[in-house]
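These notes are about the structure you will find just below.
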Amino acid sequence: MEIKNKLIQKIDDRKIIVGVVGLGYVGLPLAVEKAISGYQTVGFEVSEEKANMINEKKNYIQDVNDQELADMVDKGMLRATTDFSEIKDLDFIAIAVPTPLDAYHQPDISFIEESTISIGENMSKGTVVVLESTTYPGTTEEVLKPILEEKSGLKCGEDFYLAFSPERVDPGNHTYKTRNTPKVVGGVGEDATEVVSAFYRSVLDAEVYPVSDPKVAEMEKILENTYRNINIGLVNEFAKIADAMNINIWEVVDAAKTKPYGFQAFYPGPGIGGHCIPLDPFYLTWKAREYDEHMPIIE
């Protein structure tokens, strides 16, 4: 309770020092928004080239505003480093690293594991760690928690807080950016959820939706992406037969979306959405086999 109250007070006073591990298309926009919101923010990268580019005010992510990035660096609110020992000075750390599949369509969480080890070896008592990378249900509690406890010698829920809050980034979307997209938070314990939710409410101009635990948040993210995967794939199939029959698929979709319930418009496109959309469902089907369950629609 003492740690929770101290952290919430530091959030109210904008005294939280923030770190973002991984400065890609998820991490860099997140870091910039945190800096804009008045938090000293440090970005951590294994790529020295990327870290140098940030410090030199050179933007490499489409969804980040060049001037906002430059302003935050000039004001000393944002900088990047490859030195993970600086984690010891942070209050709040977000992990936004890639989660690809291996050659066998199984989850490759090596980037998450490596980041978590670096955090655990350097973090201090009273730190908040939030995983944002898309992954299978159970990762936060089954992978991150034991690594952090072992490497730090601290106890989750007593000495530090841990949560999962999935990224929601739609590159190129001119309406919804990091700042105005609702955020889901599932903490290991109510105190963690409360602290992480309070922090994101201070950063975002959108709803922060707390859920009961990290597994719910982890699964809902895969549901989001699987929903897109299936429906974009479906409309692509319609587009092929419509083309063969000389029917305008765009007119078909526009007509269908006049229905005020039970239908959401998806449009044909190359592949089936962003690069993560065809991959993320396999994180769930892989985990399902542990429970002797199969998911034929996804598979």
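Letters A, B, ... go to the chains of the structure tokens in the order shown; residues in each chain start at 1; ligands are counted from 1 in the same order.
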
All residues 7 Å or closer to Pro137 (chain A), only C-alpha atoms, same chain fewer than 6 positions away omitted, as a ChimeraX atom specification: /A:215,218-219

Using DSSP on the backbone coordinates, identify all residues within region 27-198 of chain A classified as strand (DSSP E); present the result as a short mmCIF file (atom, residue, chain, number, x, y, z; two decimals) with all heavy atoms, in the first residue's frame.
data_model
loop_
_atom_site.label_atom_id
_atom_site.label_comp_id
_atom_site.auth_asym_id
_atom_site.auth_seq_id
_atom_site.Cartn_x
_atom_site.Cartn_y
_atom_site.Cartn_z
N GLN A 40 9.70 12.63 -17.59
CA GLN A 40 11.05 12.36 -18.08
C GLN A 40 11.07 10.94 -18.62
O GLN A 40 10.75 9.99 -17.91
CB GLN A 40 12.05 12.51 -16.93
CG GLN A 40 12.25 13.93 -16.44
CD GLN A 40 13.27 14.68 -17.29
OE1 GLN A 40 13.98 14.07 -18.09
NE2 GLN A 40 13.32 15.98 -17.13
N THR A 41 11.45 10.79 -19.87
CA THR A 41 11.35 9.49 -20.54
C THR A 41 12.68 9.08 -21.16
O THR A 41 13.33 9.88 -21.84
CB THR A 41 10.26 9.54 -21.64
OG1 THR A 41 9.01 9.94 -21.04
CG2 THR A 41 10.08 8.18 -22.29
N VAL A 42 13.04 7.82 -20.92
CA VAL A 42 14.27 7.26 -21.49
C VAL A 42 13.89 6.06 -22.35
O VAL A 42 13.20 5.15 -21.90
CB VAL A 42 15.24 6.80 -20.39
CG1 VAL A 42 16.54 6.27 -21.02
CG2 VAL A 42 15.55 7.94 -19.42
N GLY A 43 14.34 6.07 -23.60
CA GLY A 43 14.11 4.94 -24.49
C GLY A 43 15.33 4.03 -24.50
O GLY A 43 16.46 4.51 -24.58
N PHE A 44 15.09 2.73 -24.42
CA PHE A 44 16.18 1.76 -24.41
C PHE A 44 16.17 0.96 -25.71
O PHE A 44 15.13 0.44 -26.11
CB PHE A 44 16.04 0.81 -23.21
CG PHE A 44 16.27 1.49 -21.89
CD1 PHE A 44 15.23 2.17 -21.25
CD2 PHE A 44 17.51 1.49 -21.29
CE1 PHE A 44 15.42 2.82 -20.04
CE2 PHE A 44 17.73 2.12 -20.07
CZ PHE A 44 16.68 2.79 -19.45
N LEU A 78 13.04 13.66 -23.42
CA LEU A 78 13.18 12.36 -24.08
C LEU A 78 14.62 12.18 -24.55
O LEU A 78 15.21 13.08 -25.16
CB LEU A 78 12.24 12.28 -25.29
CG LEU A 78 12.35 11.02 -26.16
CD1 LEU A 78 11.95 9.77 -25.38
CD2 LEU A 78 11.51 11.15 -27.42
N ARG A 79 15.16 11.01 -24.27
CA ARG A 79 16.46 10.64 -24.80
C ARG A 79 16.49 9.12 -24.94
O ARG A 79 15.64 8.42 -24.37
CB ARG A 79 17.60 11.12 -23.91
CG ARG A 79 17.60 10.54 -22.51
CD ARG A 79 18.73 11.13 -21.66
NE ARG A 79 18.69 10.60 -20.31
CZ ARG A 79 19.28 9.47 -19.94
NH1 ARG A 79 19.96 8.75 -20.85
NH2 ARG A 79 19.21 9.04 -18.70
N ALA A 80 17.49 8.63 -25.67
CA ALA A 80 17.60 7.19 -25.88
C ALA A 80 18.99 6.73 -25.47
O ALA A 80 19.96 7.49 -25.50
CB ALA A 80 17.35 6.86 -27.35
N THR A 81 19.08 5.44 -25.09
CA THR A 81 20.35 4.88 -24.65
C THR A 81 20.38 3.38 -24.93
O THR A 81 19.34 2.75 -25.10
CB THR A 81 20.56 5.13 -23.14
OG1 THR A 81 21.85 4.64 -22.76
CG2 THR A 81 19.49 4.42 -22.32
N PHE A 92 8.90 3.52 -13.86
CA PHE A 92 7.90 2.87 -14.72
C PHE A 92 8.59 2.43 -16.00
O PHE A 92 9.24 3.24 -16.67
CB PHE A 92 6.78 3.86 -15.03
CG PHE A 92 5.60 3.27 -15.76
CD1 PHE A 92 4.42 3.01 -15.09
CD2 PHE A 92 5.66 3.01 -17.12
CE1 PHE A 92 3.32 2.48 -15.77
CE2 PHE A 92 4.58 2.48 -17.80
CZ PHE A 92 3.41 2.21 -17.12
N ILE A 93 8.47 1.15 -16.35
CA ILE A 93 9.14 0.62 -17.53
C ILE A 93 8.12 -0.12 -18.40
O ILE A 93 7.45 -1.04 -17.93
CB ILE A 93 10.27 -0.36 -17.16
CG1 ILE A 93 11.24 0.30 -16.17
CG2 ILE A 93 11.00 -0.83 -18.41
CD1 ILE A 93 12.15 -0.69 -15.48
N ALA A 94 8.00 0.28 -19.65
CA ALA A 94 7.14 -0.40 -20.62
C ALA A 94 8.01 -1.20 -21.58
O ALA A 94 9.02 -0.69 -22.09
CB ALA A 94 6.29 0.60 -21.38
N ILE A 95 7.63 -2.44 -21.84
CA ILE A 95 8.35 -3.29 -22.78
C ILE A 95 7.55 -3.36 -24.08
O ILE A 95 6.40 -3.79 -24.09
CB ILE A 95 8.53 -4.71 -22.21
CG1 ILE A 95 9.29 -4.67 -20.88
CG2 ILE A 95 9.26 -5.60 -23.21
CD1 ILE A 95 9.33 -6.01 -20.17
N VAL A 128 7.54 -0.17 -11.53
CA VAL A 128 6.40 -0.74 -12.24
C VAL A 128 6.88 -1.23 -13.60
O VAL A 128 7.53 -0.49 -14.34
CB VAL A 128 5.28 0.31 -12.45
CG1 VAL A 128 4.08 -0.32 -13.16
CG2 VAL A 128 4.85 0.91 -11.12
N VAL A 129 6.57 -2.49 -13.93
CA VAL A 129 6.94 -3.05 -15.22
C VAL A 129 5.66 -3.43 -15.97
O VAL A 129 4.81 -4.14 -15.43
CB VAL A 129 7.84 -4.29 -15.07
CG1 VAL A 129 8.21 -4.86 -16.44
CG2 VAL A 129 9.10 -3.96 -14.28
N VAL A 130 5.55 -2.96 -17.20
CA VAL A 130 4.35 -3.23 -18.01
C VAL A 130 4.78 -3.81 -19.36
O VAL A 130 5.56 -3.20 -20.09
CB VAL A 130 3.53 -1.95 -18.25
CG1 VAL A 130 2.29 -2.27 -19.09
CG2 VAL A 130 3.12 -1.33 -16.93
N LEU A 131 4.27 -4.99 -19.67
CA LEU A 131 4.50 -5.58 -20.99
C LEU A 131 3.44 -5.10 -21.95
O LEU A 131 2.25 -5.16 -21.65
CB LEU A 131 4.49 -7.12 -20.88
CG LEU A 131 4.65 -7.90 -22.19
CD1 LEU A 131 6.00 -7.59 -22.84
CD2 LEU A 131 4.49 -9.39 -21.94
N TYR A 161 5.54 -3.74 -9.07
CA TYR A 161 4.26 -4.06 -9.70
C TYR A 161 4.50 -4.51 -11.14
O TYR A 161 5.42 -4.05 -11.82
CB TYR A 161 3.34 -2.84 -9.69
CG TYR A 161 2.85 -2.45 -8.32
CD1 TYR A 161 2.70 -1.11 -7.97
CD2 TYR A 161 2.54 -3.41 -7.36
CE1 TYR A 161 2.25 -0.74 -6.71
CE2 TYR A 161 2.09 -3.05 -6.10
CZ TYR A 161 1.95 -1.72 -5.78
OH TYR A 161 1.51 -1.36 -4.53
N LEU A 162 3.62 -5.40 -11.59
CA LEU A 162 3.73 -5.98 -12.93
C LEU A 162 2.36 -6.01 -13.58
O LEU A 162 1.37 -6.35 -12.93
CB LEU A 162 4.32 -7.39 -12.83
CG LEU A 162 4.47 -8.21 -14.12
CD1 LEU A 162 5.43 -7.52 -15.09
CD2 LEU A 162 4.94 -9.62 -13.79
N ALA A 163 2.31 -5.68 -14.88
CA ALA A 163 1.02 -5.67 -15.59
C ALA A 163 1.23 -5.91 -17.07
O ALA A 163 2.35 -5.81 -17.59
CB ALA A 163 0.30 -4.34 -15.38
N PHE A 164 0.12 -6.24 -17.74
CA PHE A 164 0.10 -6.33 -19.20
C PHE A 164 -0.89 -5.31 -19.71
O PHE A 164 -2.03 -5.24 -19.24
CB PHE A 164 -0.30 -7.73 -19.67
CG PHE A 164 -0.29 -7.88 -21.17
CD1 PHE A 164 0.90 -8.05 -21.85
CD2 PHE A 164 -1.47 -7.83 -21.90
CE1 PHE A 164 0.93 -8.17 -23.24
CE2 PHE A 164 -1.46 -7.95 -23.28
CZ PHE A 164 -0.26 -8.12 -23.95
N LYS A 183 -7.16 2.13 -23.80
CA LYS A 183 -6.10 1.22 -23.35
C LYS A 183 -6.66 0.25 -22.33
O LYS A 183 -7.39 0.62 -21.42
CB LYS A 183 -5.00 2.06 -22.68
CG LYS A 183 -3.67 1.36 -22.55
CD LYS A 183 -2.68 1.91 -23.55
CE LYS A 183 -1.25 1.43 -23.32
NZ LYS A 183 -1.05 0.03 -23.71
N VAL A 184 -6.31 -1.02 -22.49
CA VAL A 184 -6.69 -2.08 -21.56
C VAL A 184 -5.51 -2.34 -20.63
O VAL A 184 -4.36 -2.37 -21.05
CB VAL A 184 -7.07 -3.36 -22.32
CG1 VAL A 184 -7.29 -4.52 -21.35
CG2 VAL A 184 -8.32 -3.13 -23.16
N VAL A 185 -5.81 -2.53 -19.33
CA VAL A 185 -4.76 -2.79 -18.33
C VAL A 185 -5.16 -3.98 -17.47
O VAL A 185 -6.25 -4.00 -16.90
CB VAL A 185 -4.52 -1.57 -17.42
CG1 VAL A 185 -3.55 -1.92 -16.30
CG2 VAL A 185 -4.01 -0.38 -18.22
N GLY A 186 -4.27 -4.97 -17.37
CA GLY A 186 -4.48 -6.10 -16.48
C GLY A 186 -3.25 -6.32 -15.63
O GLY A 186 -2.20 -6.72 -16.13
N GLY A 187 -3.34 -6.03 -14.35
CA GLY A 187 -2.19 -6.12 -13.46
C GLY A 187 -2.16 -7.41 -12.66
O GLY A 187 -3.18 -8.09 -12.51
#

Atomic distance CA of His275 (chain A) - CA of Pro100 (chain A), expressed in Å with one decimal: 9.7 Å

Backbone-only DSSP, helix (DSSP H, G or I) members of region 194-272 of chain A, as a ChimeraX atom specification: /A:194-203,214-244,249-256

Please identify all polymer residues within 12 Å of region 74-76 of chain A, counting only C-alpha atoms, omitting same-chain residues fewer than 4 positions from it, and present them as an NGL selection string. :A and (32 or 35-36 or 38-42 or 54-57 or 67-70 or 80)

Near Glu207 (chain A), within 9 Å and counting only C-alpha atoms, which residues show up once chain neighbours fewer than 3 positions away are dropped, as an NGL selection string? :A and (180-184 or 201 or 204)

Limited to N, CA, C and O atoms, could you put the picked residues into a file as a PDB file, in the first residue's frame?
ATOM      1  N   ASN A 180      -5.155   8.894 -28.423  1.00  0.00           N
ATOM      2  CA  ASN A 180      -6.622   8.879 -28.342  1.00  0.00           C
ATOM      3  C   ASN A 180      -7.223   7.489 -28.539  1.00  0.00           C
ATOM      4  O   ASN A 180      -8.416   7.355 -28.816  1.00  0.00           O
ATOM      5  N   THR A 181      -6.415   6.448 -28.380  1.00  0.00           N
ATOM      6  CA  THR A 181      -6.913   5.082 -28.481  1.00  0.00           C
ATOM      7  C   THR A 181      -7.079   4.485 -27.084  1.00  0.00           C
ATOM      8  O   THR A 181      -6.136   4.529 -26.280  1.00  0.00           O
ATOM      9  N   PRO A 182      -8.255   3.943 -26.748  1.00  0.00           N
ATOM     10  CA  PRO A 182      -8.471   3.358 -25.421  1.00  0.00           C
ATOM     11  C   PRO A 182      -7.445   2.284 -25.092  1.00  0.00           C
ATOM     12  O   PRO A 182      -6.936   1.590 -25.979  1.00  0.00           O
ATOM     13  N   LYS A 183      -7.160   2.129 -23.802  1.00  0.00           N
ATOM     14  CA  LYS A 183      -6.102   1.224 -23.346  1.00  0.00           C
ATOM     15  C   LYS A 183      -6.658   0.248 -22.331  1.00  0.00           C
ATOM     16  O   LYS A 183      -7.393   0.625 -21.422  1.00  0.00           O
ATOM     17  N   VAL A 184      -6.306  -1.018 -22.493  1.00  0.00           N
ATOM     18  CA  VAL A 184      -6.687  -2.077 -21.559  1.00  0.00           C
ATOM     19  C   VAL A 184      -5.513  -2.342 -20.625  1.00  0.00           C
ATOM     20  O   VAL A 184      -4.361  -2.366 -21.054  1.00  0.00           O
ATOM     21  N   ARG A 201      -4.006   7.001 -17.604  1.00  0.00           N
ATOM     22  CA  ARG A 201      -5.023   8.067 -17.637  1.00  0.00           C
ATOM     23  C   ARG A 201      -4.363   9.449 -17.675  1.00  0.00           C
ATOM     24  O   ARG A 201      -4.940  10.402 -18.205  1.00  0.00           O
ATOM     25  N   LEU A 204      -3.014   9.537 -21.677  1.00  0.00           N
ATOM     26  CA  LEU A 204      -3.902   9.394 -22.823  1.00  0.00           C
ATOM     27  C   LEU A 204      -5.143  10.272 -22.735  1.00  0.00           C
ATOM     28  O   LEU A 204      -5.639  10.567 -21.644  1.00  0.00           O
TER      29      LEU A 204
END

Close residues, Leu223 (chain A) itself excluded, 12 Å, only C-alpha atoms, min 6 positions apart in chain, as a PyMOL selection string: chain A and resi 134-137+166+216-217+229-230+277+280-285+298

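Excluding region 146-152 of chain A itself and any same-chain residue fewer than 6 positions from it, the protein and nucleic acid residues within 9 Å of it, counting only C-alpha atoms, are Glu113, Thr116, Ile117, Ser118, Ile119, Gly120, Glu121, Asn122, Met123, Ser124 and Lys125 of chain A.
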
Would you save the residues from that selection as a compact mmCIF listing (two decimals), in the first residue's frame, using N, CA, C and O atoms?
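Dumped everything to result06.txt:
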# COMPACT_ATOMS: atom_id res chain seq x y z
N GLU A 113 12.05 -12.07 -23.20
CA GLU A 113 12.86 -12.66 -22.14
C GLU A 113 14.16 -11.88 -21.93
O GLU A 113 14.55 -11.59 -20.78
N THR A 116 13.38 -8.62 -20.20
CA THR A 116 13.00 -8.83 -18.81
C THR A 116 14.21 -9.13 -17.94
O THR A 116 14.31 -8.65 -16.80
N ILE A 117 15.15 -9.90 -18.46
CA ILE A 117 16.38 -10.19 -17.72
C ILE A 117 17.14 -8.89 -17.45
O ILE A 117 17.59 -8.63 -16.32
N SER A 118 17.27 -8.05 -18.47
CA SER A 118 17.98 -6.77 -18.31
C SER A 118 17.29 -5.88 -17.28
O SER A 118 17.96 -5.21 -16.47
N ILE A 119 15.97 -5.88 -17.30
CA ILE A 119 15.23 -5.08 -16.32
C ILE A 119 15.42 -5.64 -14.92
O ILE A 119 15.72 -4.91 -13.97
N GLY A 120 15.25 -6.95 -14.77
CA GLY A 120 15.38 -7.58 -13.46
C GLY A 120 16.74 -7.38 -12.84
O GLY A 120 16.87 -7.20 -11.61
N GLU A 121 17.78 -7.39 -13.65
CA GLU A 121 19.14 -7.23 -13.14
C GLU A 121 19.43 -5.81 -12.68
O GLU A 121 20.41 -5.58 -11.95
N ASN A 122 18.59 -4.85 -13.09
CA ASN A 122 18.91 -3.45 -12.82
C ASN A 122 17.83 -2.67 -12.07
O ASN A 122 18.11 -1.56 -11.60
N MET A 123 16.62 -3.21 -11.95
CA MET A 123 15.54 -2.39 -11.40
C MET A 123 15.63 -2.27 -9.88
O MET A 123 16.24 -3.09 -9.19
N SER A 124 14.99 -1.23 -9.38
CA SER A 124 14.98 -0.94 -7.95
C SER A 124 13.62 -1.24 -7.34
O SER A 124 12.62 -1.41 -8.05
N LYS A 125 13.57 -1.28 -6.03
CA LYS A 125 12.30 -1.47 -5.33
C LYS A 125 11.36 -0.32 -5.66
O LYS A 125 11.78 0.84 -5.74

Close residues, Gly189 (chain A) itself excluded, 10 Å, only C-alpha atoms, min 4 positions apart in chain, as an mmCIF file with N, CA, C and O atoms, in the first residue's frame:
data_model
loop_
_atom_site.group_PDB
_atom_site.id
_atom_site.type_symbol
_atom_site.label_atom_id
_atom_site.label_comp_id
_atom_site.auth_asym_id
_atom_site.auth_seq_id
_atom_site.Cartn_x
_atom_site.Cartn_y
_atom_site.Cartn_z
ATOM 1 N N CYS A 156 7.080 -9.661 -6.365
ATOM 2 C CA CYS A 156 6.014 -9.037 -7.154
ATOM 3 C C CYS A 156 4.790 -8.779 -6.281
ATOM 4 O O CYS A 156 4.352 -9.646 -5.530
ATOM 5 N N GLY A 157 4.225 -7.598 -6.387
ATOM 6 C CA GLY A 157 3.051 -7.231 -5.606
ATOM 7 C C GLY A 157 3.391 -6.575 -4.292
ATOM 8 O O GLY A 157 2.547 -5.878 -3.713
ATOM 9 N N TYR A 161 5.541 -3.741 -9.067
ATOM 10 C CA TYR A 161 4.263 -4.058 -9.698
ATOM 11 C C TYR A 161 4.496 -4.513 -11.142
ATOM 12 O O TYR A 161 5.416 -4.051 -11.818
ATOM 13 N N LEU A 162 3.617 -5.402 -11.591
ATOM 14 C CA LEU A 162 3.733 -5.977 -12.932
ATOM 15 C C LEU A 162 2.362 -6.014 -13.582
ATOM 16 O O LEU A 162 1.367 -6.350 -12.930
ATOM 17 N N ALA A 163 2.306 -5.681 -14.883
ATOM 18 C CA ALA A 163 1.022 -5.669 -15.585
ATOM 19 C C ALA A 163 1.234 -5.914 -17.075
ATOM 20 O O ALA A 163 2.350 -5.812 -17.588
ATOM 21 N N THR A 193 -2.843 -2.931 -11.060
ATOM 22 C CA THR A 193 -3.815 -2.441 -12.040
ATOM 23 C C THR A 193 -4.163 -0.984 -11.778
ATOM 24 O O THR A 193 -4.252 -0.168 -12.708
ATOM 25 N N GLU A 194 -4.339 -0.632 -10.510
ATOM 26 C CA GLU A 194 -4.704 0.741 -10.158
ATOM 27 C C GLU A 194 -3.596 1.727 -10.520
ATOM 28 O O GLU A 194 -3.858 2.798 -11.083
ATOM 29 N N SER A 212 -9.445 -7.942 -14.941
ATOM 30 C CA SER A 212 -9.168 -8.629 -13.683
ATOM 31 C C SER A 212 -7.733 -9.129 -13.544
ATOM 32 O O SER A 212 -7.217 -9.205 -12.421
ATOM 33 N N ASP A 213 -7.070 -9.475 -14.643
ATOM 34 C CA ASP A 213 -5.702 -9.970 -14.527
ATOM 35 C C ASP A 213 -5.013 -9.904 -15.892
ATOM 36 O O ASP A 213 -5.656 -9.629 -16.915
ATOM 37 N N PRO A 214 -3.695 -10.149 -15.950
ATOM 38 C CA PRO A 214 -2.977 -10.050 -17.226
ATOM 39 C C PRO A 214 -3.472 -11.009 -18.293
ATOM 40 O O PRO A 214 -3.452 -10.671 -19.486
#

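Across A:Gly233, A:Asp91, A:Pro98, A:Leu23, the tightest approach to Val195 (chain A) is made by A:Asp91 when counting only C-alpha atoms.
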
Between A:Asp66, A:Ile222, A:Val188, A:Phe84, which is the closest to Lys155 (chain A) once you count only C-alpha atoms? A:Val188
